[in-house]
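To start, the structure itself, in structure tokens.
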Amino acid sequence: MDSADANTVHLVVLVHGMWGNPSHLAEAAHVMREARCQTSSETGPAGERLEVLIAQTNSDEHTYDGIDWGAERIADETTETVERLKRDGKTVTRCSFTGYSLGGLIARYALGILSQRKFFETVTPVNFNTFATPHVGVPRYRGFRSSLINWIGPKMLSRTGEQFFSVDKWDRRGRPLLEVLADPDLVFFQTLSLFPHIRIYANAVNDSTVPFVTAAIETEDMFYDHATSGLQVELHEKYAPIVKSYYRPDVPPPVAQLKAFTPAWFRKYFTFGLPPPLQFRFPFNIFVYVTAPILLPLFMGLVLVYLSTSSHKSRARIRSLEKDNESTMQHLAHAFATLERDVENAVADMIDAPGDLAEASSTTLAARVDTQPDEDGTESDAEAKQMSLQPNGARPPPVQFVQLTDVQRRMIAWLNTLPGLKKELAFIEPCFNSHAVIVARDVQRFDSHKIGQGVLRHWADHFVM
């Protein structure tokens with residue numbers, strides 16, 4: 001964590017994702033410190049200096065324990081950090097949160113906990129950002145792989161998996177936790193609304209972990225078939241791979257038919273990509289391909305054993321937490337739930353109007369782009385994005401590659417009513433899985449992750465002190 005020679009502090013809390021640890025956000029912290037923590041850096045309205053906290057308390061297997069219990073740890077760590085700074089003669093007057101992947105959901109829940117603790121009565125909320133966060137859970141796409149993930153995920157990822165896939169029954173009405181998080185009438189949404197600067201970053205393509213629709217809070221995936229739709233993308237000159245504008249034609253261009261048994265035909269149908277850790281040069285790559293039929297089933301078996309063991313340990317931890325009477329009385333995961341459930345029972349019959357809500361609060365991506373000038377004084381690219389979304393004066397018909405549930409559509413409608421919500425897209429192509437790249441998660445081992453540094457610079461440069 002940084003130290004600053006200032007009596008007032010703007011604290012930014014970084015929260016990593018599933019299976020994660022603080023090192024996953026090391027590059028994000030580095031970029032923010034380079035941009036905002038120097039002697040010459042801009043200060044806040046009362047001279048606040050930025051302090052960067054990478055949350056430490058919810059790492060690795062502890063991420064299985066659920067969004068709610070993970071948020072308890074983050075809220076505790078945040079308040080403990082504020083107290084520690086106070087002992088050092090510094091006062092936290094402003095606070096921001098940035099969550100990566102699952103960390104974005106944990107941060108949203110933590111806001112409710114901190115609100116119940118009266119945290120924001122003395123600390124001003126400023127920025128709330130997420131990178132590749134599944135805001136509406138894991139959507140189901142057409143195809144076997146997505147169906148398999150939706151079947152196995154809730155069973156192998158303990159409480160977090162149940163919440164990811166919205167199969168949990170968090171309140172007395174049987175609503176999943178993610179729906180409760182998005183409800184505009186409850187403390188989580190209302191506290192998030194206090195942040196004047198909300199900006200979410202989503203991968204437009206190649207994120208097999210958190211697809212576009214859930215990271216960008218959209219009902220349509222305009223990028224799913226980008227390879228054949230004729231999609232044209234313009235990247236930001238300063239912040240590539242951030243998308244400056246894109247255009248999707250009404251009618252896709254004709255697809256060239258490859259002649260059978262030509263080199264191009266073999267490359268298309270008989271090239272099997274490997275994840276970066278398994279990409280070796282000749283002749284070692286030949287060994288990997290030859291042994292794949294044996295090693296792959298063995299590897300998958302070990303993965304399933306690891307997931308099952310970790311899930312079992314997590315459920316044991318959760319039972320221990322829930323048996324702790326003192327903890328139960330203090331934690332929002334239970335104390336607030338009881339209050340919220342009682343209120344819901346009284347008004348359940350008054351709030352069943354999902355159709356009207358969706359019609360009233362639905363929004364397009366074009367309506368959520370940044371409409372303010374960039375810090376370098378250049379014109380906003382909002383108009384370019386708007387035009388690119390509506391070619392020839394009309395938007396292309398929706399492409400139904402994704403199968404959203406009614407609950408997910410309701411969450412999307414609610415979340416898009418957040419005041420000042422801005423959305424930024426990253427177009428990282430080609431890429432095996434852009435989920436790690438968007439935050440430059442491991443630039444020491446993978447040069448390809450350095451592509452995400454442009455996204456991080458955009459985040460740091462648009463961070464409001």
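By convention here, the chains of the structure tokens are called A, B, ... in the order presented, each chain's residues are numbered starting at 1, and ligands are numbered starting at 1 in the order presented.
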
**OP:** Please run DSSP on the backbone and report, as an NGL selection string, all residues within region 6-215 of chain A that come out as alpha helix (DSSP H).
**Re:** :A and (26-36 or 67-87 or 102-116 or 144-156 or 158-164 or 177-182 or 187-192 or 212-215)

**OP:** Tell me, as a list in words, which residues lie within 10 Å of Gln190 (chain A), counting only C-alpha atoms; anything in the same chain fewer than 5 positions away does not count.
**Re:** Leu111, Gly112, Ser115, Leu181, Ala182, Asp183, Pro184, Asp185, Phe195 and Leu418 of chain A

Subject >> For Thr78 (chain A): contacts at 10 Å, only C-alpha atoms, fewer than 6 positions along chain excluded, given as a VMD selection string >> reply: chain A and resid 11 to 13 53 55 72 84 95 110 114 119

Filtering to N, CA and C atoms, could you give me those residues as a PDB file, in the first residue's frame?
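Result went into out_35.pdb, see below:
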ATOM      1  N   LEU A  11      -9.003   6.965  -0.572  1.00  0.00           N
ATOM      2  CA  LEU A  11      -8.677   5.536  -0.563  1.00  0.00           C
ATOM      3  C   LEU A  11      -9.372   4.839  -1.722  1.00  0.00           C
ATOM      4  N   VAL A  12      -8.603   4.126  -2.555  1.00  0.00           N
ATOM      5  CA  VAL A  12      -9.192   3.299  -3.602  1.00  0.00           C
ATOM      6  C   VAL A  12      -8.906   1.840  -3.264  1.00  0.00           C
ATOM      7  N   VAL A  13      -9.958   1.046  -3.216  1.00  0.00           N
ATOM      8  CA  VAL A  13      -9.878  -0.363  -2.842  1.00  0.00           C
ATOM      9  C   VAL A  13      -9.999  -1.217  -4.102  1.00  0.00           C
ATOM     10  N   LEU A  53      -5.247   0.435  -1.980  1.00  0.00           N
ATOM     11  CA  LEU A  53      -5.335  -0.783  -1.176  1.00  0.00           C
ATOM     12  C   LEU A  53      -5.740  -1.950  -2.068  1.00  0.00           C
ATOM     13  N   ALA A  55      -6.986  -5.449  -1.818  1.00  0.00           N
ATOM     14  CA  ALA A  55      -7.566  -6.277  -0.756  1.00  0.00           C
ATOM     15  C   ALA A  55      -6.844  -7.614  -0.654  1.00  0.00           C
ATOM     16  N   GLU A  72     -18.088  -9.328   3.293  1.00  0.00           N
ATOM     17  CA  GLU A  72     -17.861  -9.062   4.716  1.00  0.00           C
ATOM     18  C   GLU A  72     -16.369  -8.836   4.977  1.00  0.00           C
ATOM     19  N   ARG A  84      -6.383   2.275  10.636  1.00  0.00           N
ATOM     20  CA  ARG A  84      -4.928   2.275  10.676  1.00  0.00           C
ATOM     21  C   ARG A  84      -4.367   3.607  10.186  1.00  0.00           C
ATOM     22  N   CYS A  95     -13.494   7.942  -1.002  1.00  0.00           N
ATOM     23  CA  CYS A  95     -13.259   6.507  -1.191  1.00  0.00           C
ATOM     24  C   CYS A  95     -13.787   6.064  -2.545  1.00  0.00           C
ATOM     25  N   ALA A 110     -20.292  -5.155  -0.714  1.00  0.00           N
ATOM     26  CA  ALA A 110     -19.581  -4.492   0.379  1.00  0.00           C
ATOM     27  C   ALA A 110     -20.088  -3.073   0.602  1.00  0.00           C
ATOM     28  N   LEU A 114     -21.000  -1.427   4.227  1.00  0.00           N
ATOM     29  CA  LEU A 114     -20.411  -0.174   4.704  1.00  0.00           C
ATOM     30  C   LEU A 114     -21.477   0.881   4.956  1.00  0.00           C
ATOM     31  N   PHE A 119     -20.548   4.167   7.205  1.00  0.00           N
ATOM     32  CA  PHE A 119     -19.233   4.513   6.675  1.00  0.00           C
ATOM     33  C   PHE A 119     -19.289   5.770   5.824  1.00  0.00           C
TER      34      PHE A 119
END

Original post:
Restricting the calculation to only C-alpha atoms, which member of A:Ile428, A:Thr309, A:His435, A:Asn203 is positioned closest to Leu102 (chain A)?
Top reply: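 Using only C-alpha atoms, the shortest distance to Leu102 (chain A) belongs to A:His435.
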